[in-house]
Structure formats: structure tokens, C-alpha cells
Amino acid sequence: MKKFIQTLKNIWSIEELRSKILFTLLLIVIYRIGTHIVLPGIDPTQLKAGSTNNGILSLIDAFSGGAFNQASIFALGIMPYISASIFMQLMTVLVPKFQKMQKEGDSGRKKINQYTRYLTVIVTALQASAYVTYLKGITQQSAGAIMPGFPAGYFWLSTIVVLTAGTLFVMWLGEKITDKGLGNGTSLIIMIGILGRLPQNFIQELTAKSVRSGQILIFIVEIAILIAIILGCILLIQGVRKVPVNYAKQIVGNRQFGGARQFLPLKVNSAGVMPIIFAQAIMFLPTLATLGKQTGGGQTLSRIFTDHQNLWYMLIYSVVVIGFTFLYTALIFNPKQIADNLKQNNGFIPGVKPGQPTADYIGAVMDKITFPGAILLAFVGILPGIAQRLGVTQGFSTFFGGTSLLIMVGVILDTLQQIETQLLMRQYDGLMKSGRIQGRQTTSAVQM
């Protein structure tokens, strides 16, 4: 406890770090206030009575910190920006023009960021239109989500404008946190949105377990299992396979360069949380196809793809996650480029010829470690459904795995790593007695 207090004093004594933390907290508070400001023409009490989300809608609501169900001005949150960023990231892999742009350095990166912002506006406008339809559907169910007498045309236009402006403002907050604050702004906003639901869901679970005698012990066991799952997620996020790399010695004048033995860290889960997000979007498509169909087959299909506790849902979901893990890893990981960079820097893997054999070797190693990583990722993805089957409430079960837990663990690790780096730069002790905290972006010892 004494070392913890001393660490906090060290953090607070660094003026730059203190200003970053305070600036980040200020923008986070502004974001949380905005999530409680309701759209014009909406009755919040009637909205809560008719809103029930499944599939990708529950994911959007989780990322927005409940703002989606509250019809807030930040209802769409940062999701349109994430969608645009994912699309542009895929374009830099698939389209030669964007590949060339990415290699232009800062100027190319600025162009890509500008295109991402333009695409965000388009995506937000489309999603805002769909959200208006969603609100009208709730109005028909609960008879009053949209205030009576509010002009339909004006409501449609004002909602699209306000939601688009809200998403762009959240995007701006994220960029400012990244530039002048602490950590990655977009990831922090998502994490804060997820954590915003934690107190309410925790109290609901505790209340549910307090009804009967002896259930408190079960609640304590649940907390212990949750801690163990968090530790497992840390191992999954930080797990790497270290491929040894040697550099040839170079003598320039009287100085010697290279000759060091280093390593190339290949991540077990290089795809991150993206396969789970893609899988949840894919699993929601059959539900859209069966909307309005009252036939037995349509109802059965809709029930399978919306019930996270269903065994068929878990099986199909796991297969989709594993498939997307290999697909996304193949898109973002380029063994040939790594092999070329090693060759240009006079680096080689012991026992492997430079060039194409090196690329084949790195690709083979990546395939071997991606398979167990994909299985673990799929298991983490279905953990909330398993927790619900074992008696955990629906809200609290989302913290036992899935996208929410992986994002929270990854963002916290990244933020703590930045804080520790600031401490070590000023000759202070790190956050741990031994070892160093590593974030999701493991630093490579190979110079490229």
C-alpha cells in the first residue's frame, strides 16, 4: 500500500503527466454528460419501455455506454468512425492506390485520415436514418417514444443532423485525447462507455443473488471467476512467439554496426477484437432477413441467432470467429514485407534463407500460433452466453468475455504502459516491482 501511494505521488509530481491525466478526465466527463442529453422530440420514459436490443444493436449500445437505448445525442457513439477506420484499413491492404498512399509517410497518413473523416460523415448519416426508423418502430410498440405532435419531417431532419454532429464531436474528443491526453482516445471512449454500465449491472447481479440465502457465496465465486478470466485475457492479448533474428556485422570506418541477436515477436492474437465484432455483425444478418416473418422456420432461425445462450448460436458463432481471425490476420499481416525489411537491414532468421524462404517460414509460424489464438478468442466470445446459462444476469454476463472484456483489458494495459514509460523516463520506479507492463502493441526488437 505504501508503494502504491508513493507511485501515485510520483505520477502527480510529473507536470506533463499530470496535465495529460487531467485533460483526459475533463474530456471523458464531457462525453459522459453528453450521453445523458436526449434527442429533441423524444420521451425518455416511454423509450425505455420499448427498447430491447439484440445482436449488433446491443454491441452499439455497449460501445456508447447506454446512449443508444437512451436516444442520446451521442447515441451512435464512436461506432461510425470505427466502421470507417476499418474500411480504410482494408483499403490500404487491398487497393494499390491506398497502399502507395500509406507508404508516403506523414503526408499519406494525413490523406487517409481525411478520407476516414469524410467516410465517417456518410456512415453516420446512413446509420442516423436507420436510427430514426428504429425510434419510429419503438413508438409504434410503446405508443409514445416520439412526442405526439412533433412534425415527422422535422424530427427526421433534426435527428440526422444532431446524431451526425454528435458522432463528429465524439470523434474530435477521441483525437484530442490521443494528441494531448493519455492513451488512445477512441479506445478510451469505448472503454468508458463499457465501464459506464458496470455499476448498474453489478448492483443488479448483487441484488439478484441477495434474494435467497447462500447466494452471496455464489456471487463471490462469480467475482473470482471473473478475475481469472481477466488474467486469461491478459495472456491472450500479450502472448507472443519470439522468432530469433540475427544481424550481419557491418564495419564503417572504425565503428562496428549490427551483429546483435534480437527477436521478431509474432502475436498469438494479432487480429485483436475485430473477429468478434465482424462475427456479431454477421450473426445479426439472419435476424434482419426474418424480420416480420411469423412462420415457424423464421421464428426458429431468429431465436437461434438472437439467443446467446443457444448451443447452436455458440457453435456457429465460434466457427465464424475462427474463420474471421484467419481472414483478418491474413489481411493485416504481410510475411513477405517483413522478410523484405529484414533482408534490407541485413537481418536473417538462423537456419532460414533470406527472401521468399523467410516469408514462408514466418507465414507458417503465424498460421501455427493463430489457430490456438483463434480458438481462445472464440471461447472468450461465447463466455457471456455460458455465464447466462449458469445463472448470471444478462447485463453482468457481458463482462465475463466478448468484445467488452477484451477492449477493457487492452485499453487499460495500453494506458498503464504509457504511464509507466513516463515514470521510467524520469528515473522513477515502474508500476510493478519486477517486469514491465506491455500493451496490445508489443514493441518489436527488430529494426525495420
# chains A, B, ... in the order shown; residues from 1 in each chain; ligands from 1
$ residues_around --residues "segment 62-76 of chain A" --least-positions-apart "3" --cutoff "6 Å" --atoms "only C-alpha atoms" --output "short mmCIF file (atom, residue, chain, number, x, y, z; two decimals) with C-alpha atoms, in the first residue's frame"
data_model
loop_
_atom_site.label_atom_id
_atom_site.label_comp_id
_atom_site.auth_asym_id
_atom_site.auth_seq_id
_atom_site.Cartn_x
_atom_site.Cartn_y
_atom_site.Cartn_z
CA THR A 35 -24.60 10.59 -23.28
CA HIS A 36 -27.44 11.73 -20.99
CA ILE A 37 -28.71 14.57 -23.24
CA VAL A 38 -31.76 13.23 -25.08
CA LEU A 39 -32.58 13.98 -28.73
CA LEU A 59 -22.88 -4.04 -29.28
CA LEU A 163 -26.60 12.49 -34.41
CA GLY A 166 -22.66 14.23 -32.03
CA ILE A 190 -15.22 2.94 -25.94
CA GLY A 193 -18.82 3.63 -22.41
CA ILE A 194 -18.49 -0.05 -21.45
CA GLY A 196 -20.42 3.14 -17.58
#
$ residues_around --residues "segment 329-341 of chain A" --least-positions-apart "5" --cutoff "7 Å" --atoms "only C-alpha atoms" --output "list in words"
Val93, Ser270, Ala271, Gly355, Gln356, Thr358, Ala359, Ile362, Gly363 and Met448 of chain A
$ residues_around --residues "Thr403 of chain A" --least-positions-apart "4" --cutoff "12 Å" --atoms "only C-alpha atoms" --output "ChimeraX atom specification"
/A:56,58-60,62-63,190-191,194,233,272-280,321,377-384,397-399,407-410
$ write_last_selection --atoms "N, CA and C atoms" --output "compact mmCIF listing (two decimals), in the first residue's frame"
# COMPACT_ATOMS: atom_id res chain seq x y z
N ILE A 56 -26.03 -6.88 -33.09
CA ILE A 56 -25.15 -5.72 -33.30
C ILE A 56 -25.68 -4.49 -32.58
N SER A 58 -27.01 -4.41 -29.56
CA SER A 58 -26.51 -4.47 -28.19
C SER A 58 -25.04 -4.09 -28.14
N LEU A 59 -24.28 -4.43 -29.22
CA LEU A 59 -22.88 -4.04 -29.28
C LEU A 59 -22.74 -2.53 -29.38
N ILE A 60 -23.58 -1.89 -30.22
CA ILE A 60 -23.54 -0.43 -30.35
C ILE A 60 -23.91 0.22 -29.02
N ALA A 62 -23.50 -1.04 -26.06
CA ALA A 62 -22.39 -1.24 -25.12
C ALA A 62 -21.27 -0.25 -25.38
N PHE A 63 -20.93 -0.04 -26.67
CA PHE A 63 -19.84 0.88 -27.01
C PHE A 63 -20.20 2.33 -26.70
N ILE A 190 -14.50 4.21 -25.93
CA ILE A 190 -15.22 2.94 -25.94
C ILE A 190 -15.18 2.28 -24.57
N MET A 191 -13.99 2.28 -23.94
CA MET A 191 -13.86 1.64 -22.64
C MET A 191 -14.71 2.35 -21.59
N ILE A 194 -18.25 1.30 -21.98
CA ILE A 194 -18.49 -0.05 -21.45
C ILE A 194 -18.52 -0.03 -19.94
N CYS A 233 -7.43 -13.23 -20.35
CA CYS A 233 -7.48 -12.27 -21.47
C CYS A 233 -6.17 -11.51 -21.59
N GLY A 272 -6.70 -9.07 -32.83
CA GLY A 272 -7.33 -8.29 -31.78
C GLY A 272 -8.80 -8.66 -31.58
N VAL A 273 -9.63 -7.64 -31.42
CA VAL A 273 -11.05 -7.86 -31.15
C VAL A 273 -11.89 -7.82 -32.42
N MET A 274 -11.26 -7.56 -33.57
CA MET A 274 -12.01 -7.39 -34.80
C MET A 274 -12.81 -8.63 -35.22
N PRO A 275 -12.28 -9.87 -35.10
CA PRO A 275 -13.10 -11.03 -35.48
C PRO A 275 -14.41 -11.14 -34.71
N ILE A 276 -14.41 -10.76 -33.43
CA ILE A 276 -15.63 -10.82 -32.64
C ILE A 276 -16.64 -9.78 -33.14
N ILE A 277 -16.15 -8.57 -33.46
CA ILE A 277 -17.05 -7.53 -33.97
C ILE A 277 -17.65 -7.97 -35.32
N PHE A 278 -16.80 -8.50 -36.21
CA PHE A 278 -17.30 -8.97 -37.50
C PHE A 278 -18.30 -10.10 -37.31
N ALA A 279 -17.99 -11.03 -36.41
CA ALA A 279 -18.87 -12.18 -36.19
C ALA A 279 -20.24 -11.73 -35.67
N GLN A 280 -20.25 -10.76 -34.75
CA GLN A 280 -21.53 -10.29 -34.23
C GLN A 280 -22.35 -9.60 -35.31
N VAL A 321 -16.05 -16.76 -35.78
CA VAL A 321 -14.93 -16.04 -35.17
C VAL A 321 -13.59 -16.64 -35.61
N LEU A 377 -9.96 -17.05 -28.70
CA LEU A 377 -10.76 -15.86 -28.96
C LEU A 377 -12.24 -16.23 -29.10
N ALA A 378 -12.51 -17.34 -29.79
CA ALA A 378 -13.90 -17.80 -29.92
C ALA A 378 -14.48 -18.19 -28.56
N PHE A 379 -13.65 -18.82 -27.72
CA PHE A 379 -14.12 -19.20 -26.38
C PHE A 379 -14.44 -17.98 -25.54
N VAL A 380 -13.58 -16.94 -25.64
CA VAL A 380 -13.86 -15.69 -24.92
C VAL A 380 -15.16 -15.06 -25.44
N GLY A 381 -15.41 -15.20 -26.74
CA GLY A 381 -16.60 -14.62 -27.33
C GLY A 381 -17.90 -15.25 -26.85
N ILE A 382 -17.88 -16.57 -26.55
CA ILE A 382 -19.11 -17.25 -26.11
C ILE A 382 -19.22 -17.32 -24.59
N LEU A 383 -18.24 -16.81 -23.87
CA LEU A 383 -18.28 -16.84 -22.40
C LEU A 383 -19.51 -16.13 -21.81
N PRO A 384 -19.94 -14.96 -22.35
CA PRO A 384 -21.16 -14.34 -21.80
C PRO A 384 -22.38 -15.27 -21.87
N SER A 397 -23.30 -10.52 -17.31
CA SER A 397 -22.61 -11.59 -18.05
C SER A 397 -21.75 -11.03 -19.17
N THR A 398 -22.08 -9.83 -19.69
CA THR A 398 -21.29 -9.26 -20.78
C THR A 398 -19.86 -8.94 -20.37
N PHE A 399 -19.61 -8.82 -19.06
CA PHE A 399 -18.26 -8.53 -18.58
C PHE A 399 -17.44 -9.80 -18.37
N ILE A 407 -11.69 -5.35 -24.98
CA ILE A 407 -11.39 -3.93 -25.17
C ILE A 407 -10.93 -3.30 -23.85
N MET A 408 -11.65 -3.60 -22.77
CA MET A 408 -11.28 -3.02 -21.47
C MET A 408 -9.87 -3.42 -21.06
N VAL A 409 -9.57 -4.70 -21.15
CA VAL A 409 -8.24 -5.18 -20.75
C VAL A 409 -7.16 -4.56 -21.63
N GLY A 410 -7.39 -4.53 -22.95
CA GLY A 410 -6.39 -3.98 -23.85
C GLY A 410 -6.13 -2.50 -23.63
$ select_by_dssp --residues "segment 142-316 of chain A" --states "alpha helix (DSSP H)" --output "number ranges by chain"
A: 142, 152-180, 185-195, 198-210, 215-238, 274-289, 296-306, 311-316
$ residues_around --residues "segment 174-176 of chain A" --least-positions-apart "4" --cutoff "7 Å" --atoms "only C-alpha atoms" --output "list in words"
Val170, Lys180, Gly181, Gly185, Thr186 and Ile189 of chain A
$ write_last_selection --atoms "C-alpha atoms" --output "short mmCIF file (atom, residue, chain, number, x, y, z; two decimals), in the first residue's frame"
data_model
loop_
_atom_site.label_atom_id
_atom_site.label_comp_id
_atom_site.auth_asym_id
_atom_site.auth_seq_id
_atom_site.Cartn_x
_atom_site.Cartn_y
_atom_site.Cartn_z
CA VAL A 170 -17.05 12.33 -30.12
CA LYS A 180 -2.85 15.96 -25.84
CA GLY A 181 -4.15 13.40 -23.37
CA GLY A 185 -8.68 8.49 -27.41
CA THR A 186 -11.04 6.29 -29.44
CA ILE A 189 -14.07 6.48 -25.13
#
